file final_1.txt (compact mmCIF, C-alpha atoms)
# COMPACT_ATOMS: atom_id res chain seq x y z
CA MET T 18 0.00 0.00 0.00
CA SER T 19 1.31 3.43 -0.95
CA TYR T 20 0.02 6.50 0.84
CA THR T 21 0.93 10.08 1.74
CA ASN T 22 0.41 11.63 5.16
CA CYS T 23 0.90 15.28 6.06
CA LEU T 24 1.34 16.37 9.65
CA PRO T 25 0.38 19.84 10.88
CA ALA T 26 2.69 22.67 11.81
CA TRP T 27 1.59 25.28 14.31
CA SER T 28 2.36 28.44 16.21
CA VAL T 29 0.73 29.12 19.57
CA GLY T 30 0.54 31.96 22.06
CA PRO T 31 -0.99 35.40 22.54
CA ASP T 32 1.50 36.97 20.10
CA CYS T 33 1.80 34.17 17.55
CA TYR T 34 0.54 36.32 14.66
CA LYS T 35 3.96 38.01 14.64
CA ASP T 36 5.26 34.81 13.05
CA VAL T 37 2.78 34.83 10.17
CA TYR T 38 4.84 36.65 7.55
CA GLY T 39 7.99 34.62 8.11
CA ILE T 40 6.02 31.42 7.55
CA VAL T 41 3.66 32.37 4.71
CA ARG T 42 6.03 34.51 2.59
CA ARG T 43 7.38 31.48 0.74
CA PHE T 44 3.91 30.83 -0.66
CA GLY T 45 3.26 34.24 -2.21
CA LYS T 46 2.36 37.82 -1.39
CA THR T 47 -1.45 37.89 -1.14
CA ALA T 48 -4.11 36.08 0.89
CA ALA T 49 -7.89 35.95 0.78
CA VAL T 50 -9.10 36.13 4.38
CA ILE T 51 -12.26 34.03 4.76
CA GLY T 52 -14.22 33.25 7.89
CA GLY T 53 -17.15 33.81 10.16
CA LYS T 54 -18.34 37.33 10.86
CA THR T 55 -17.51 37.31 14.57
CA ALA T 56 -14.19 35.56 14.00
CA LEU T 57 -13.16 38.08 11.36
CA SER T 58 -14.06 40.94 13.70
CA LYS T 59 -11.68 39.48 16.30
CA ALA T 60 -8.76 38.34 14.15
CA TYR T 61 -8.62 40.52 11.03
CA GLU T 62 -7.19 43.68 12.61
CA PRO T 63 -4.56 41.83 14.69
CA LEU T 64 -3.54 39.98 11.52
CA LYS T 65 -3.39 43.21 9.56
CA GLU T 66 -1.30 44.84 12.28
CA ALA T 67 1.09 41.88 12.46
CA LEU T 68 1.66 42.09 8.69
CA SER T 69 2.04 45.88 8.54
CA GLY T 70 5.40 46.92 7.18
CA SER T 71 5.70 43.72 5.15
CA PRO T 72 5.07 43.41 1.39
CA PHE T 73 2.18 41.05 2.12
CA THR T 74 -1.40 42.01 1.23
CA LEU T 75 -4.65 40.79 2.77
CA SER T 76 -8.00 40.90 1.02
CA GLU T 77 -10.90 42.60 2.70
CA PRO T 78 -12.71 40.15 5.03
CA VAL T 79 -14.81 37.57 3.16
CA TRP T 80 -17.73 35.88 4.92
CA TYR T 81 -17.75 32.12 4.36
CA GLY T 82 -21.53 31.71 4.30
CA ASP T 83 -22.50 30.50 7.78
CA ASN T 84 -22.35 26.74 7.17
CA ALA T 85 -19.99 24.15 5.74
CA THR T 86 -21.83 23.34 2.53
CA TYR T 87 -20.55 22.67 -0.96
CA GLU T 88 -22.80 25.44 -2.21
CA ASN T 89 -21.05 27.97 0.02
CA ALA T 90 -17.67 26.67 -1.07
CA ALA T 91 -18.64 27.04 -4.74
CA ALA T 92 -19.80 30.63 -4.13
CA LEU T 93 -16.43 31.48 -2.56
CA GLU T 94 -14.55 29.84 -5.42
CA ALA T 95 -16.29 32.20 -7.85
CA LEU T 96 -15.17 35.40 -6.07
CA ASP T 97 -12.40 37.40 -7.74
CA ALA T 98 -10.77 38.16 -4.38
CA VAL T 99 -10.48 34.43 -3.72
CA LYS T 100 -9.48 33.36 -7.22
CA SER T 101 -6.72 35.96 -7.49
CA ALA T 102 -5.11 35.35 -4.07
CA ASP T 103 -1.90 33.37 -3.72
CA MET T 104 -3.23 31.60 -0.63
CA LEU T 105 -6.21 31.38 1.69
CA PHE T 106 -6.41 32.36 5.35
CA ALA T 107 -9.30 30.50 7.05
CA VAL T 108 -10.43 32.33 10.18
CA GLY T 109 -12.87 31.05 12.78
CA GLY T 110 -14.43 27.78 13.86
CA GLY T 111 -14.73 24.35 12.32
CA ARG T 112 -17.38 25.07 9.70
CA ALA T 113 -15.57 28.10 8.33
CA VAL T 114 -12.27 26.23 8.20
CA ASP T 115 -13.81 23.13 6.61
CA THR T 116 -15.48 25.26 3.93
CA CYS T 117 -12.09 26.78 3.13
CA LYS T 118 -10.56 23.31 2.82
CA ALA T 119 -12.84 22.57 -0.10
CA VAL T 120 -12.14 25.98 -1.66
CA ALA T 121 -8.38 25.55 -1.31
CA GLU T 122 -8.51 22.06 -2.75
CA HIS T 123 -10.67 23.02 -5.74
CA LEU T 124 -8.57 26.13 -6.53
CA ASP T 125 -5.26 24.41 -5.69
CA LYS T 126 -4.17 27.10 -3.23
CA PRO T 127 -2.19 26.82 0.03
CA LEU T 128 -4.37 27.05 3.14
CA PHE T 129 -3.42 28.58 6.49
CA THR T 130 -5.78 28.47 9.45
CA PHE T 131 -6.46 30.92 12.26
CA PRO T 132 -8.82 29.31 14.79
CA THR T 133 -10.50 31.89 16.99
CA ILE T 134 -12.11 29.30 19.26
CA ALA T 135 -10.88 26.01 20.72
CA SER T 136 -13.96 23.95 20.02
CA ASN T 137 -12.63 21.30 17.61
CA CYS T 138 -9.58 20.14 15.65
CA ALA T 139 -10.69 21.29 12.18
CA ALA T 140 -7.89 23.86 11.96
CA CYS T 141 -5.21 21.24 11.36
CA THR T 142 -6.93 18.20 9.88
CA ALA T 143 -7.10 16.73 6.39
CA ILE T 144 -10.83 16.11 6.66
CA GLY T 145 -13.87 18.37 6.48
CA VAL T 146 -17.37 17.78 7.79
CA PHE T 147 -20.02 18.99 5.35
CA TYR T 148 -23.72 19.57 5.90
CA ASN T 149 -26.92 19.86 3.89
CA ALA T 150 -28.78 23.14 3.69
CA ASP T 151 -31.09 21.98 6.50
CA ASP T 152 -28.01 21.48 8.75
CA THR T 153 -28.15 17.68 8.71
CA PHE T 154 -24.86 15.84 8.16
CA ARG T 155 -24.01 15.26 4.48
CA ASP T 156 -20.55 13.69 4.17
CA TYR T 157 -16.84 13.97 4.78
CA PHE T 158 -14.53 15.89 2.44
CA TYR T 159 -10.92 14.74 2.15
CA PRO T 160 -8.41 17.33 0.87
CA THR T 161 -5.08 16.01 -0.36
CA ARG T 162 -3.25 17.50 2.62
CA CYS T 163 -3.86 19.26 5.91
CA PRO T 164 -3.50 23.06 6.20
CA GLU T 165 0.06 24.29 5.79
CA HIS T 166 0.20 25.93 9.22
CA THR T 167 -2.15 26.72 12.11
CA PHE T 168 -1.83 29.93 14.13
CA LEU T 169 -3.48 29.39 17.51
CA ASN T 170 -3.77 32.80 19.12
CA THR T 171 -4.55 32.08 22.77
CA LYS T 172 -5.47 35.70 23.49
CA ILE T 173 -8.32 35.50 20.96
CA VAL T 174 -9.32 32.04 22.22
CA ALA T 175 -9.41 33.37 25.80
CA GLU T 176 -11.71 36.20 24.73
CA ALA T 177 -14.17 33.86 22.99
CA PRO T 178 -17.33 32.66 24.74
CA GLU T 179 -16.44 30.04 27.34
CA ALA T 180 -19.23 27.80 26.03
CA LEU T 181 -17.15 27.14 22.91
CA LEU T 182 -14.12 26.01 24.92
CA TRP T 183 -16.50 23.95 27.05
CA ALA T 184 -17.89 22.24 23.96
CA GLY T 185 -14.36 21.76 22.64
CA ILE T 186 -13.46 19.84 25.77
CA GLY T 187 -16.53 17.66 25.25
CA ASP T 188 -15.50 16.92 21.67
CA GLY T 189 -11.85 16.38 22.58
CA LEU T 190 -12.73 13.83 25.23
CA SER T 191 -13.98 11.54 22.45
CA LYS T 192 -10.67 11.14 20.66
CA GLU T 193 -8.89 8.65 22.89
CA CYS T 194 -11.83 6.32 23.49
CA GLU T 195 -13.05 6.43 19.89
CA VAL T 196 -9.65 5.74 18.32
CA GLU T 197 -9.01 2.96 20.83
CA LEU T 198 -12.33 1.31 20.04
CA ALA T 199 -12.07 1.78 16.27
CA SER T 200 -8.51 0.41 16.09
CA ARG T 201 -8.82 -2.40 18.63
CA GLY T 202 -7.86 -5.74 17.16
CA GLN T 203 -6.71 -4.19 13.89
CA ASN T 204 -3.30 -4.89 12.36
CA LEU T 205 -2.04 -1.33 12.65
CA PHE T 206 0.91 -0.26 10.54
CA HIS T 207 3.34 2.59 11.26
CA THR T 208 1.13 5.62 10.71
CA THR T 209 -2.07 4.31 12.23
CA LEU T 210 -0.14 2.80 15.15
CA LEU T 211 1.45 6.20 15.78
CA GLY T 212 -1.98 7.83 15.74
CA ALA T 213 -3.46 5.26 18.11
CA GLN T 214 -0.62 5.81 20.57
CA LEU T 215 -0.86 9.60 20.40
CA ALA T 216 -4.59 9.36 21.07
CA HIS T 217 -3.69 8.46 24.65
CA SER T 218 -2.32 11.99 25.13
CA CYS T 219 -5.69 13.64 24.51
CA THR T 220 -7.89 12.97 27.55
CA ASN T 221 -5.76 13.70 30.59
CA PRO T 222 -4.82 17.34 29.76
CA MET T 223 -8.50 18.18 29.49
CA VAL T 224 -9.40 16.40 32.71
CA GLU T 225 -6.40 17.86 34.57
CA TYR T 226 -6.55 21.44 33.30
CA GLY T 227 -10.12 21.77 32.01
CA ALA T 228 -11.72 23.47 35.01
CA THR T 229 -8.89 26.02 35.35
CA ALA T 230 -8.89 26.65 31.61
CA MET T 231 -12.61 27.38 31.78
CA GLU T 232 -12.02 29.89 34.57
CA GLN T 233 -9.23 31.56 32.59
CA CYS T 234 -11.59 31.83 29.63
CA ARG T 235 -14.19 33.46 31.87
CA GLN T 236 -11.49 35.95 32.93
CA ASN T 237 -10.24 36.39 29.32
CA THR T 238 -6.78 35.32 30.46
CA PRO T 239 -4.56 33.26 28.11
CA GLY T 240 -2.94 31.25 30.90
CA TYR T 241 -0.90 28.06 30.83
CA GLU T 242 -3.86 25.78 31.52
CA LEU T 243 -5.94 27.36 28.76
CA GLU T 244 -3.05 26.92 26.35
CA GLN T 245 -2.65 23.25 27.26
CA VAL T 246 -6.35 22.54 26.81
CA ALA T 247 -6.53 24.50 23.56
CA LEU T 248 -3.55 22.59 22.19
CA ALA T 249 -5.13 19.29 23.22
CA ILE T 250 -8.41 20.19 21.51
CA VAL T 251 -7.05 21.77 18.35
CA MET T 252 -3.66 20.16 17.74
CA SER T 253 -3.39 16.85 19.63
CA THR T 254 -6.73 15.49 18.46
CA GLY T 255 -6.08 16.90 14.98
CA ILE T 256 -2.73 15.17 14.65
CA VAL T 257 -4.37 11.90 15.70
CA SER T 258 -7.05 12.47 13.06
CA ASN T 259 -4.46 12.96 10.34
CA LEU T 260 -2.63 9.79 11.34
CA THR T 261 -5.72 7.59 11.58
CA THR T 262 -7.69 8.77 8.53
CA ASP T 263 -7.36 8.19 4.80
CA ALA T 264 -10.04 8.89 2.22
CA THR T 265 -10.13 5.32 0.89
CA LYS T 266 -7.66 3.08 2.74
CA TYR T 267 -8.24 3.32 6.49
CA TYR T 268 -10.31 5.13 9.11
CA TYR T 269 -9.90 4.79 12.87
CA ASN T 270 -10.59 8.40 13.80
CA SER T 271 -14.00 8.17 15.46
CA SER T 272 -16.67 5.74 16.49
CA LEU T 273 -19.85 5.51 18.53
CA ALA T 274 -19.61 8.84 20.37
CA HIS T 275 -20.02 10.66 17.08
CA CYS T 276 -22.83 8.32 16.10
CA VAL T 277 -24.81 9.91 18.91
CA TYR T 278 -24.08 13.38 17.51
CA TYR T 279 -25.04 12.55 13.93
CA GLY T 280 -28.20 10.91 15.17
CA ALA T 281 -29.04 13.97 17.26
CA THR T 282 -28.87 16.18 14.17
CA MET T 283 -32.11 14.49 13.14
CA VAL T 284 -33.81 15.86 16.27
CA PRO T 285 -34.10 19.65 15.79
CA ALA T 286 -34.60 20.33 19.50
CA SER T 287 -31.19 18.75 20.16
CA GLY T 288 -28.96 18.97 17.10
CA GLY T 289 -30.32 22.38 16.19
CA LYS T 290 -29.85 23.81 19.67
CA HIS T 291 -26.86 22.16 21.34
CA LEU T 292 -23.21 22.46 20.36
CA HIS T 293 -21.40 19.63 18.58
CA GLY T 294 -19.03 18.92 21.46
CA GLU T 295 -21.83 19.16 24.00
CA ILE T 296 -23.68 16.28 22.32
CA VAL T 297 -20.47 14.31 21.70
CA ALA T 298 -19.73 14.54 25.44
CA PHE T 299 -22.81 12.44 26.10
CA GLY T 300 -21.78 10.27 23.16
CA VAL T 301 -18.54 9.46 25.00
CA LEU T 302 -20.56 8.19 27.96
CA THR T 303 -22.66 6.10 25.55
CA LEU T 304 -19.56 4.59 23.92
CA LEU T 305 -17.95 3.72 27.25
CA THR T 306 -21.23 2.19 28.40
CA TYR T 307 -21.63 0.18 25.20
CA ASP T 308 -18.05 -1.10 25.54
CA LYS T 309 -18.57 -1.88 29.26
CA GLN T 310 -15.77 0.47 30.34
CA LEU T 311 -17.89 1.51 33.28
CA GLU T 312 -15.08 2.68 35.58
CA GLU T 313 -13.72 5.00 32.89
CA ARG T 314 -17.25 6.13 32.05
CA ASP T 315 -17.86 7.10 35.64
CA ARG T 316 -14.53 8.98 35.79
CA VAL T 317 -15.38 10.95 32.66
CA MET T 318 -18.94 11.44 33.89
CA ARG T 319 -17.71 12.99 37.13
CA PHE T 320 -15.46 15.32 35.15
CA ASN T 321 -18.32 16.23 32.81
CA ARG T 322 -20.41 17.09 35.81
CA SER T 323 -17.62 19.22 37.34
CA ILE T 324 -17.65 21.61 34.37
CA GLY T 325 -21.32 21.27 33.42
CA LEU T 326 -21.04 18.99 30.39
CA PRO T 327 -24.11 16.78 29.96
CA VAL T 328 -24.44 13.48 31.78
CA THR T 329 -28.09 12.81 30.86
CA LEU T 330 -30.18 12.77 27.70
CA GLY T 331 -32.44 15.50 29.03
CA GLU T 332 -29.55 17.94 29.23
CA ILE T 333 -29.26 17.78 25.43
CA ASP T 334 -33.03 17.78 24.91
CA LEU T 335 -33.30 14.10 24.03
CA SER T 336 -35.70 11.53 25.44
CA GLU T 337 -36.74 7.92 25.02
CA GLU T 338 -38.97 8.79 22.07
CA ASN T 339 -35.94 10.10 20.12
CA LEU T 340 -33.71 7.05 20.54
CA GLN T 341 -34.99 5.15 17.51
CA THR T 342 -34.49 8.21 15.28
CA ILE T 343 -30.95 8.61 16.59
CA ALA T 344 -30.13 4.95 16.10
CA ASP T 345 -31.60 4.87 12.59
CA LYS T 346 -29.40 7.79 11.51
CA ALA T 347 -26.35 6.53 13.41
CA ALA T 348 -26.50 3.20 11.61
CA THR T 349 -25.99 4.99 8.26
CA VAL T 350 -22.71 6.77 9.09
CA LEU T 351 -19.17 5.48 8.75
CA GLU T 352 -18.53 5.47 12.50
CA TRP T 353 -21.19 2.81 13.06
CA THR T 354 -18.83 0.17 11.67
CA LYS T 355 -15.79 1.35 13.62
CA ALA T 356 -15.88 -1.08 16.52
CA PRO T 357 -14.27 -4.48 17.07
CA TYR T 358 -17.69 -6.15 17.11
CA PRO T 359 -21.04 -5.72 15.33
CA VAL T 360 -23.06 -2.80 16.67
CA THR T 361 -26.83 -3.14 16.82
CA LYS T 362 -29.45 -0.45 17.09
CA GLU T 363 -31.05 -2.14 20.08
CA ALA T 364 -27.80 -2.33 22.05
CA PHE T 365 -26.89 1.23 21.04
CA MET T 366 -30.22 2.55 22.32
CA GLN T 367 -29.80 0.57 25.52
CA ALA T 368 -26.32 2.07 26.02
CA MET T 369 -27.85 5.55 25.76
CA ARG T 370 -30.51 4.56 28.29
CA ASP T 371 -27.92 3.10 30.66
CA ALA T 372 -25.62 6.12 30.39
CA ASP T 373 -28.59 8.36 31.05
CA ALA T 374 -29.54 6.30 34.12
CA ALA T 375 -25.99 6.52 35.48
CA GLY T 376 -26.03 10.28 34.93
CA LYS T 377 -29.34 10.63 36.74
CA ALA T 378 -27.96 8.59 39.63
CA LEU T 379 -24.94 10.91 39.83
CA LEU T 380 -27.18 13.96 39.91
CA ALA T 381 -29.45 12.36 42.52
CA GLY T 382 -26.45 11.68 44.74
CA GLU T 383 -25.64 15.40 44.81
CA ARG T 384 -28.97 16.31 46.33

call {"tool": "encode", "arguments": {"input": "final_1.txt", "output": "C-alpha cells"}}
result
Amino acid sequence: MSYTNCLPAWSVGPDCYKDVYGIVRRFGKTAAVIGGKTALSKAYEPLKEALSGSPFTLSEPVWYGDNATYENAAALEALDAVKSADMLFAVGGGRAVDTCKAVAEHLDKPLFTFPTIASNCAACTAIGVFYNADDTFRDYFYPTRCPEHTFLNTKIVAEAPEALLWAGIGDGLSKECEVELASRGQNLFHTTLLGAQLAHSCTNPMVEYGATAMEQCRQNTPGYELEQVALAIVMSTGIVSNLTTDATKYYYNSSLAHCVYYGATMVPASGGKHLHGEIVAFGVLTLLTYDKQLEERDRVMRFNRSIGLPVTLGEIDLSEENLQTIADKAATVLEWTKAPYPVTKEAFMQAMRDADAAGKALLAGER
C-alpha cells in the first residue's frame, strides 16, 4: 500500500501572529481572508497589524456563508478576491475552516488556518465535515493534505465565549476512546499505530486542566492551563485524526460517540440547539457504556459534571422517544462500523438509556 500523510505545523501563544509573515512569505504575497463574521471581527485587525510593514497584502474580510456546505464553497470559489489570491487564510471555527478546505482544494491554493475558538480540531486536519442546507450531516470531504500551518492565538481564544471552549473539551474527550475502540484488534501499521498511541495523550490534559482553563476563559486570560487545553483540543486530536484517517484506505478516527451526535442532528430540538461537542460529550458516555468500560465512564462522567457537560439525555433535549431516530441515523454513518464487534441499534439505544440512568444517579447523589 502506498500513501501520503501530512502532519500539521503550528504556532501558539498570545502573540503568535507576529510569526505569520515569516512562515507564509514562501507561498506568495497575497491572501484571501475568509471566515465567520464574529471571527473576522476578532482576528482581522490583529492579523493586519502583524503584517504591517511587510510586502504582504490581505483581502478585505470575506464571509464564508455561515455553514460548511458545498454550495457555500462554490460561491467562494467564484469570487475574484479568492481566485486571485496566492493563498487562503481560514479564520474562525470548524465550519468556516472546513469550507475553506474545499475551496483551497478546488482552486489548488495553500491554506493557512487561524482558529478563533478552541472547540474542535478542524484547523489542522485533512478532513472536512459537510452539511446539507437543513443542517443535517451530508458527508466527509478529504483534501489532499492538511492546512500548511495553524496559528493558535490564545489571546483571541481566551476572549471567545467560554461555552465554545466547554464544547471543545466535550469533543476532545472523544478522541482517545473512539480511536481505541475503532482500532482495537486491527493490524495497525506505522502511521495508524502512531496515531493510536498519540490518542492516549488527549484525555488527561483536558481532565487535569479543564476546570482552570474554563475559569481563565471566563477571565479572558490566556494562561498556561488554557493553552494546554486549547492545544489538546485543536492540535493533539487533529494530529491523531491525520494519522488515523485516509479517504479510501483506512479510518480509525471516530466511532460511537459521534454516532450519537449525527443521530441527534435528526432531532431539531437537540442537534439544532446544542453544540457539537456538547452532544459528543454524552456520546462518550454512551460509547464507554456500550463497551462496558464503566469505571472510565464514571470517571469521565464525574469530570463532565464538574464543568457542566451533559451526563443525561435530558440535558441535550433528548428523550426515550428520540432514541430510535438517533439509532436509525447513526446506523448509516461510517462510525457505526468502527468497533471491534457488530453494533446493533437495540444495544446502542440501551447504552444511551444506561448512560442516562448513570447520569441521573450521579445527579441524585448530589442532592

call {"tool": "residues_near_point", "arguments": {"input": "final_1.txt", "point": "(-14.4, 41.7, 3.8)", "cutoff": "9 Å", "atoms": "all atoms listed in the file", "output": "PDB file with C-alpha atoms, in the coordinates of the input"}}
result
ATOM      1  CA  VAL T  50      -9.100  36.130   4.380  1.00  0.00           C
ATOM      2  CA  ILE T  51     -12.260  34.030   4.760  1.00  0.00           C
ATOM      3  CA  LEU T  57     -13.160  38.080  11.360  1.00  0.00           C
ATOM      4  CA  SER T  76      -8.000  40.900   1.020  1.00  0.00           C
ATOM      5  CA  GLU T  77     -10.900  42.600   2.700  1.00  0.00           C
ATOM      6  CA  PRO T  78     -12.710  40.150   5.030  1.00  0.00           C
ATOM      7  CA  VAL T  79     -14.810  37.570   3.160  1.00  0.00           C
ATOM      8  CA  TRP T  80     -17.730  35.880   4.920  1.00  0.00           C
TER       9      TRP T  80
END

call {"tool": "residues_around", "arguments": {"input": "final_1.txt", "residues": "Leu128 (chain T)", "least_positions_apart": "2", "cutoff": "8 Å", "atoms": "only C-alpha atoms", "output": "ChimeraX atom specification"}}
result
/T:104-107,117-118,121,126,130,164-166

call {"tool": "closest_atom_pairs", "arguments": {"input": "final_1.txt", "of": "region 209-245 of chain T", "to": "region 180-200 of chain T", "cutoff": "6 Å", "atoms": "only C-alpha atoms", "output": "CSV"}}
result
residue,atom,partner,partner_atom,distance
T:Ala216,CA,T:Glu193,CA,4.7
T:His217,CA,T:Glu193,CA,5.5
T:Thr220,CA,T:Leu190,CA,5.4

call {"tool": "closest_residue", "arguments": {"input": "final_1.txt", "among": "T:Ser71, T:Thr262, T:Gln310, T:Thr303", "to": "Leu210 (chain T)", "atoms": "only C-alpha atoms"}}
result
T:Thr262

call {"tool": "residues_around", "arguments": {"input": "final_1.txt", "residues": "region 357-359 of chain T", "least_positions_apart": "3", "cutoff": "12 Å", "atoms": "only C-alpha atoms", "output": "count of residues only"}}
result
23

call {"tool": "closest_residue", "arguments": {"input": "final_1.txt", "among": "T:Met369, T:Ala375, T:Ala91, T:Ile324", "to": "Gly280 (chain T)", "atoms": "all atoms listed in the file"}}
result
T:Met369

call {"tool": "closest_residue", "arguments": {"input": "final_1.txt", "among": "T:Gln245, T:Thr55, T:Asn170, T:Thr161", "to": "Val29 (chain T)", "atoms": "all atoms listed in the file"}}
result
T:Asn170

call {"tool": "axis_aligned_box", "arguments": {"input": "final_1.txt", "around": "region 364-367 of chain T", "padding_each_side": "6 Å", "output": "lines of an AutoDock Vina configuration file"}}
result
center_x = -28.6
center_y = 0.1
center_z = 23.3
size_x = 15.3
size_y = 16.9
size_z = 16.5

call {"tool": "residues_around", "arguments": {"input": "final_1.txt", "residues": "Ser323 (chain T)", "least_positions_apart": "4", "cutoff": "10 Å", "atoms": "all atoms listed in the file", "output": "PDB file with C-alpha atoms, in the frame of the given file"}}
result
ATOM      1  CA  VAL T 224      -9.400  16.400  32.710  1.00  0.00           C
ATOM      2  CA  GLY T 227     -10.120  21.770  32.010  1.00  0.00           C
ATOM      3  CA  ALA T 228     -11.720  23.470  35.010  1.00  0.00           C
ATOM      4  CA  VAL T 317     -15.380  10.950  32.660  1.00  0.00           C
ATOM      5  CA  MET T 318     -18.940  11.440  33.890  1.00  0.00           C
ATOM      6  CA  ARG T 319     -17.710  12.990  37.130  1.00  0.00           C
TER       7      ARG T 319
END

call {"tool": "residues_around", "arguments": {"input": "final_1.txt", "residues": "region 138-153 of chain T", "least_positions_apart": "3", "cutoff": "6 Å", "atoms": "only C-alpha atoms", "output": "PyMOL selection string"}}
result
chain T and resi 25+85-86+111+115+130+156-160+162-164+250-251+255+259+282

call {"tool": "closest_residue", "arguments": {"input": "final_1.txt", "among": "T:Thr74, T:Thr361, T:Gln214, T:Asn321", "to": "Asp103 (chain T)", "atoms": "only C-alpha atoms"}}
result
T:Thr74

call {"tool": "atom_distance", "arguments": {"input": "final_1.txt", "atom1": "CA of Ala281 (chain T)", "atom2": "CA of Leu330 (chain T)"}}
result
10.6 Å

call {"tool": "residues_around", "arguments": {"input": "final_1.txt", "residues": "Val37 (chain T)", "least_positions_apart": "5", "cutoff": "10 Å", "atoms": "only C-alpha atoms", "output": "ChimeraX atom specification"}}
result
/T:28,42,64,67-68,129,166-168

call {"tool": "build_atoms", "arguments": {"input": "final_1.txt", "residues": "region 49-55 of chain T", "atoms": "all heavy atoms", "output": "mmCIF file, in the coordinates of the input"}}
result
data_model
loop_
_atom_site.group_PDB
_atom_site.id
_atom_site.type_symbol
_atom_site.label_atom_id
_atom_site.label_comp_id
_atom_site.auth_asym_id
_atom_site.auth_seq_id
_atom_site.Cartn_x
_atom_site.Cartn_y
_atom_site.Cartn_z
ATOM 1 N N ALA T 49 -6.463 35.684 0.573
ATOM 2 C CA ALA T 49 -7.890 35.950 0.780
ATOM 3 C C ALA T 49 -8.224 35.497 2.199
ATOM 4 O O ALA T 49 -7.958 34.355 2.571
ATOM 5 C CB ALA T 49 -8.728 35.176 -0.232
ATOM 6 N N VAL T 50 -8.784 36.408 2.969
ATOM 7 C CA VAL T 50 -9.100 36.130 4.380
ATOM 8 C C VAL T 50 -10.581 35.799 4.474
ATOM 9 O O VAL T 50 -11.440 36.659 4.268
ATOM 10 C CB VAL T 50 -8.753 37.339 5.262
ATOM 11 C CG1 VAL T 50 -8.956 36.984 6.734
ATOM 12 C CG2 VAL T 50 -7.318 37.799 5.023
ATOM 13 N N ILE T 51 -10.882 34.546 4.784
ATOM 14 C CA ILE T 51 -12.260 34.030 4.760
ATOM 15 C C ILE T 51 -12.621 33.493 6.129
ATOM 16 O O ILE T 51 -11.815 32.784 6.749
ATOM 17 C CB ILE T 51 -12.396 32.905 3.715
ATOM 18 C CG1 ILE T 51 -11.904 33.359 2.340
ATOM 19 C CG2 ILE T 51 -13.832 32.410 3.640
ATOM 20 C CD1 ILE T 51 -11.763 32.228 1.335
ATOM 21 N N GLY T 52 -13.818 33.808 6.606
ATOM 22 C CA GLY T 52 -14.220 33.250 7.890
ATOM 23 C C GLY T 52 -15.593 33.680 8.321
ATOM 24 O O GLY T 52 -16.367 34.269 7.559
ATOM 25 N N GLY T 53 -15.894 33.399 9.570
ATOM 26 C CA GLY T 53 -17.150 33.810 10.160
ATOM 27 C C GLY T 53 -17.124 35.286 10.516
ATOM 28 O O GLY T 53 -16.059 35.873 10.717
ATOM 29 N N LYS T 54 -18.279 35.892 10.619
ATOM 30 C CA LYS T 54 -18.340 37.330 10.860
ATOM 31 C C LYS T 54 -17.726 37.707 12.201
ATOM 32 O O LYS T 54 -16.914 38.650 12.282
ATOM 33 C CB LYS T 54 -19.792 37.806 10.789
ATOM 34 C CG LYS T 54 -20.382 37.741 9.392
ATOM 35 C CD LYS T 54 -21.842 38.191 9.363
ATOM 36 C CE LYS T 54 -22.416 38.121 7.950
ATOM 37 N NZ LYS T 54 -23.853 38.503 7.915
ATOM 38 N N THR T 55 -18.078 37.008 13.258
ATOM 39 C CA THR T 55 -17.510 37.310 14.570
ATOM 40 C C THR T 55 -16.016 37.037 14.586
ATOM 41 O O THR T 55 -15.226 37.839 15.102
ATOM 42 C CB THR T 55 -18.209 36.488 15.667
ATOM 43 O OG1 THR T 55 -19.601 36.798 15.675
ATOM 44 C CG2 THR T 55 -17.619 36.798 17.031
#
